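Scroll down for the structure; my scribbles are underneath it.
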Amino acid sequence: MNNPKISFDGRYLKYAKRNAWDLANQVLYDLCAKFPHHNNKSEVMAKVMLIGRSYAASIERRKNKKNNYDDFYEDVVAPTLKKSKLDRYLSKLNGEKRVSESNIKTILETHKYLVDLFQSITKLDKRSLASKYLHFHYPNLFYLYDSRAAKSLSKFVRSKTNTDSSCDSTYGSFFRRAYELQKHIKNKYKQSLSPRELDKILLWV
């Protein structure tokens, strides 16, 4: 992104502080930290169900509803993720502590892979669920995307963003804007916000 136009009032930083939902989110962080892989059916089902339903982005919202909810998770969702290359993609991000120009391509490729995987079993775009699912596995690398956050972010960062076919274009644009805002806040206000803290601000605006 070249020379983005950023308009941000430092007074919004107060919304990045701890709030009543932090404990609930910590439960999901702990779940993914304890069960980071995708080779066990029960673990996969628990993570996808709890993250999706907690964020109103459940994977059972789909076009083809021949299976009931329980069967869909056990017979479709879990086996698909177990057979996937998701863990191979995630392993490329091990050791990365924060978003940087050197790892953005890998981060966005991982998100695109999961979006395509979810699309294959729901026939719907699940970029929001994918962003949140990946965020709880790598909290400092994935920004949480949904329409509300995107709308707020567009008020702060105005710039055309070019993305390539290796990423989901909508999330890629959102991700770049979030990254630029994160850098702007650090440079101007000397505060290093996490993706979670940035999300709190965006949802309050």
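Labels for the structure tokens follow display order: chains A, B, ..., residues from 1 in each chain, ligands from 1.
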Could you name the residues that touch A:Leu81 at 8 Å or less, counting only C-alpha atoms, but leaving out those on the same chain fewer than 4 positions away, as a list of chain:residue names?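 Final neighbour list, sorted by chain and number: A:His38, A:Val44, A:Val77, A:Lys85, A:Leu86, A:Leu117.
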Quick one: residues within 8 Å of stretch 197-205 of chain A, only C-alpha atoms counted, chain neighbours fewer than 3 positions away excluded, as a list of chain:residue names? A:Tyr12, A:Leu13, A:Tyr15, A:Ala16, A:Lys17, A:Tyr143, A:Leu144, A:Arg148, A:Ala149, A:Ser152, A:Leu153, A:Gln182, A:Leu193, A:Ser194
Exercise: A:Lys34 partners within 12 Å, only C-alpha atoms, chain neighbours under 6 positions left out, as an MDAnalysis selection string: chainID A and resid 27:28 43:44 46:47 136:137
Using only C-alpha atoms, please write the residues we just selected to a file, as a tab-separated table (two decimals), in the first residue's frame.
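The result, written out as result_32.tsv:
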chain	number	residue	atom	x	y	z
A	27	VAL	CA	-10.99	-19.39	26.80
A	28	LEU	CA	-10.83	-19.65	23.00
A	43	GLU	CA	-10.54	-31.11	18.86
A	44	VAL	CA	-11.39	-29.84	15.41
A	46	ALA	CA	-14.72	-28.08	19.38
A	47	LYS	CA	-12.62	-25.31	17.87
A	136	PHE	CA	-7.27	-17.63	17.84
A	137	HIS	CA	-4.42	-19.87	16.66
Within stretch 55-140 of chain A, find each residue whose DSSP state, derived from the backbone, is alpha helix (DSSP H), and express the selection as an mmCIF file with N, CA and C atoms, in the first residue's frame.
data_model
loop_
_atom_site.group_PDB
_atom_site.id
_atom_site.type_symbol
_atom_site.label_atom_id
_atom_site.label_comp_id
_atom_site.auth_asym_id
_atom_site.auth_seq_id
_atom_site.Cartn_x
_atom_site.Cartn_y
_atom_site.Cartn_z
ATOM 1 N N TYR A 69 -26.979 -30.496 12.256
ATOM 2 C CA TYR A 69 -25.788 -29.826 12.774
ATOM 3 C C TYR A 69 -24.725 -30.788 13.285
ATOM 4 N N ASP A 70 -25.154 -31.740 14.110
ATOM 5 C CA ASP A 70 -24.189 -32.671 14.705
ATOM 6 C C ASP A 70 -23.497 -33.514 13.642
ATOM 7 N N ASP A 71 -24.287 -34.060 12.722
ATOM 8 C CA ASP A 71 -23.708 -34.888 11.660
ATOM 9 C C ASP A 71 -22.792 -34.075 10.753
ATOM 10 N N ALA A 78 -15.093 -31.920 10.409
ATOM 11 C CA ALA A 78 -13.882 -32.502 11.001
ATOM 12 C C ALA A 78 -13.063 -33.310 9.997
ATOM 13 N N PRO A 79 -13.662 -34.209 9.225
ATOM 14 C CA PRO A 79 -12.868 -34.968 8.246
ATOM 15 C C PRO A 79 -12.210 -34.084 7.202
ATOM 16 N N THR A 80 -12.905 -33.034 6.772
ATOM 17 C CA THR A 80 -12.324 -32.136 5.766
ATOM 18 C C THR A 80 -11.083 -31.440 6.302
ATOM 19 N N LEU A 81 -11.153 -30.938 7.526
ATOM 20 C CA LEU A 81 -9.987 -30.264 8.095
ATOM 21 C C LEU A 81 -8.865 -31.248 8.413
ATOM 22 N N LYS A 82 -9.231 -32.463 8.825
ATOM 23 C CA LYS A 82 -8.203 -33.463 9.115
ATOM 24 C C LYS A 82 -7.426 -33.847 7.855
ATOM 25 N N LYS A 83 -8.102 -33.939 6.735
ATOM 26 C CA LYS A 83 -7.462 -34.321 5.475
ATOM 27 C C LYS A 83 -6.747 -33.155 4.802
ATOM 28 N N LEU A 86 -3.996 -27.678 6.176
ATOM 29 C CA LEU A 86 -4.006 -26.492 7.033
ATOM 30 C C LEU A 86 -2.830 -26.458 7.993
ATOM 31 N N ASP A 87 -2.526 -27.575 8.625
ATOM 32 C CA ASP A 87 -1.407 -27.587 9.570
ATOM 33 C C ASP A 87 -0.084 -27.285 8.870
ATOM 34 N N ARG A 88 0.035 -27.687 7.630
ATOM 35 C CA ARG A 88 1.246 -27.389 6.865
ATOM 36 C C ARG A 88 1.368 -25.883 6.632
ATOM 37 N N TYR A 89 0.249 -25.247 6.326
ATOM 38 C CA TYR A 89 0.253 -23.798 6.152
ATOM 39 C C TYR A 89 0.579 -23.101 7.478
ATOM 40 N N LEU A 90 -0.058 -23.541 8.546
ATOM 41 C CA LEU A 90 0.150 -22.907 9.849
ATOM 42 C C LEU A 90 1.587 -23.060 10.330
ATOM 43 N N SER A 91 2.196 -24.179 10.018
ATOM 44 C CA SER A 91 3.572 -24.413 10.479
ATOM 45 C C SER A 91 4.550 -23.392 9.905
ATOM 46 N N ILE A 104 3.573 -11.223 5.452
ATOM 47 C CA ILE A 104 2.203 -10.922 5.030
ATOM 48 C C ILE A 104 1.727 -11.888 3.954
ATOM 49 N N LYS A 105 2.569 -12.186 2.987
ATOM 50 C CA LYS A 105 2.163 -13.067 1.893
ATOM 51 C C LYS A 105 1.758 -14.445 2.435
ATOM 52 N N THR A 106 2.540 -14.980 3.361
ATOM 53 C CA THR A 106 2.236 -16.290 3.937
ATOM 54 C C THR A 106 0.961 -16.241 4.760
ATOM 55 N N ILE A 107 0.774 -15.184 5.511
ATOM 56 C CA ILE A 107 -0.444 -15.025 6.311
ATOM 57 C C ILE A 107 -1.680 -15.009 5.416
ATOM 58 N N LEU A 108 -1.629 -14.211 4.351
ATOM 59 C CA LEU A 108 -2.788 -14.092 3.467
ATOM 60 C C LEU A 108 -3.024 -15.365 2.662
ATOM 61 N N GLU A 109 -1.971 -16.059 2.300
ATOM 62 C CA GLU A 109 -2.133 -17.340 1.607
ATOM 63 C C GLU A 109 -2.809 -18.363 2.520
ATOM 64 N N THR A 110 -2.456 -18.346 3.796
ATOM 65 C CA THR A 110 -3.060 -19.265 4.764
ATOM 66 C C THR A 110 -4.544 -18.974 4.920
ATOM 67 N N HIS A 111 -4.882 -17.698 5.026
ATOM 68 C CA HIS A 111 -6.287 -17.314 5.133
ATOM 69 C C HIS A 111 -7.053 -17.741 3.883
ATOM 70 N N LYS A 112 -6.481 -17.501 2.706
ATOM 71 C CA LYS A 112 -7.146 -17.874 1.451
ATOM 72 C C LYS A 112 -7.364 -19.391 1.384
ATOM 73 N N TYR A 113 -6.385 -20.140 1.842
ATOM 74 C CA TYR A 113 -6.533 -21.596 1.826
ATOM 75 C C TYR A 113 -7.721 -22.028 2.678
ATOM 76 N N LEU A 114 -7.860 -21.418 3.872
ATOM 77 C CA LEU A 114 -8.953 -21.807 4.756
ATOM 78 C C LEU A 114 -10.296 -21.319 4.211
ATOM 79 N N VAL A 115 -10.337 -20.139 3.616
ATOM 80 C CA VAL A 115 -11.570 -19.656 2.990
ATOM 81 C C VAL A 115 -12.026 -20.640 1.912
ATOM 82 N N ASP A 116 -11.099 -21.067 1.075
ATOM 83 C CA ASP A 116 -11.431 -22.017 0.011
ATOM 84 C C ASP A 116 -11.888 -23.358 0.593
ATOM 85 N N LEU A 117 -11.266 -23.769 1.689
ATOM 86 C CA LEU A 117 -11.631 -25.035 2.330
ATOM 87 C C LEU A 117 -13.053 -24.957 2.880
ATOM 88 N N PHE A 118 -13.359 -23.855 3.575
ATOM 89 C CA PHE A 118 -14.707 -23.675 4.104
ATOM 90 C C PHE A 118 -15.733 -23.554 2.975
ATOM 91 N N GLN A 119 -15.339 -22.900 1.889
ATOM 92 C CA GLN A 119 -16.247 -22.733 0.757
ATOM 93 C C GLN A 119 -16.587 -24.083 0.116
ATOM 94 N N SER A 120 -15.634 -24.981 0.149
ATOM 95 C CA SER A 120 -15.846 -26.290 -0.472
ATOM 96 C C SER A 120 -16.902 -27.114 0.258
ATOM 97 N N ILE A 121 -17.124 -26.829 1.533
ATOM 98 C CA ILE A 121 -18.103 -27.614 2.287
ATOM 99 C C ILE A 121 -19.372 -26.835 2.620
ATOM 100 N N THR A 122 -19.371 -25.511 2.430
ATOM 101 C CA THR A 122 -20.568 -24.716 2.731
ATOM 102 C C THR A 122 -21.149 -24.041 1.496
ATOM 103 N N ARG A 127 -14.997 -15.827 4.868
ATOM 104 C CA ARG A 127 -13.753 -15.115 5.185
ATOM 105 C C ARG A 127 -13.739 -14.607 6.622
ATOM 106 N N SER A 128 -14.923 -14.249 7.137
ATOM 107 C CA SER A 128 -14.983 -13.782 8.522
ATOM 108 C C SER A 128 -14.640 -14.914 9.482
ATOM 109 N N LEU A 129 -15.280 -16.064 9.302
ATOM 110 C CA LEU A 129 -14.975 -17.216 10.148
ATOM 111 C C LEU A 129 -13.513 -17.619 10.015
ATOM 112 N N ALA A 130 -12.995 -17.622 8.793
ATOM 113 C CA ALA A 130 -11.594 -17.997 8.584
ATOM 114 C C ALA A 130 -10.659 -17.061 9.330
ATOM 115 N N SER A 131 -10.927 -15.763 9.271
ATOM 116 C CA SER A 131 -10.053 -14.797 9.946
ATOM 117 C C SER A 131 -10.079 -14.999 11.451
ATOM 118 N N LYS A 132 -11.251 -15.269 11.994
ATOM 119 C CA LYS A 132 -11.374 -15.432 13.440
ATOM 120 C C LYS A 132 -10.798 -16.769 13.900
ATOM 121 N N TYR A 133 -11.040 -17.800 13.123
ATOM 122 C CA TYR A 133 -10.484 -19.109 13.460
ATOM 123 C C TYR A 133 -8.955 -19.047 13.484
ATOM 124 N N LEU A 134 -8.366 -18.422 12.495
ATOM 125 C CA LEU A 134 -6.909 -18.311 12.430
ATOM 126 C C LEU A 134 -6.374 -17.362 13.499
ATOM 127 N N HIS A 135 -7.138 -16.331 13.810
ATOM 128 C CA HIS A 135 -6.708 -15.385 14.841
ATOM 129 C C HIS A 135 -6.505 -16.080 16.180
ATOM 130 N N PHE A 136 -7.399 -16.990 16.534
ATOM 131 C CA PHE A 136 -7.266 -17.634 17.837
ATOM 132 C C PHE A 136 -6.106 -18.629 17.870
ATOM 133 N N HIS A 137 -5.621 -19.035 16.716
ATOM 134 C CA HIS A 137 -4.421 -19.871 16.663
ATOM 135 C C HIS A 137 -3.151 -19.020 16.660
#
Among chain A, which residues carry a DSSP assignment of strand (DSSP E or B), reported as a list in words?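 Filtering chain A down to strand (DSSP E or B) leaves Lys5, Ile6, Val157 and Arg158 of chain A.
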Calculated over only C-alpha atoms, which of the candidates A:Asn103, A:Ser147, A:Ser84, A:Ser58 has the smallest distance to A:Phe72? A:Ser58
So how many Å separate atom CA of A:Lys188 and atom CA of A:Phe174, to one decimal?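 A separation of 21.0 Å between them.
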Using atom CA of A:Glu180 and atom CA of A:Pro4 as the two end points, give the distance in Å to one decimal.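 That distance, rounded to one decimal, is 7.6 Å.
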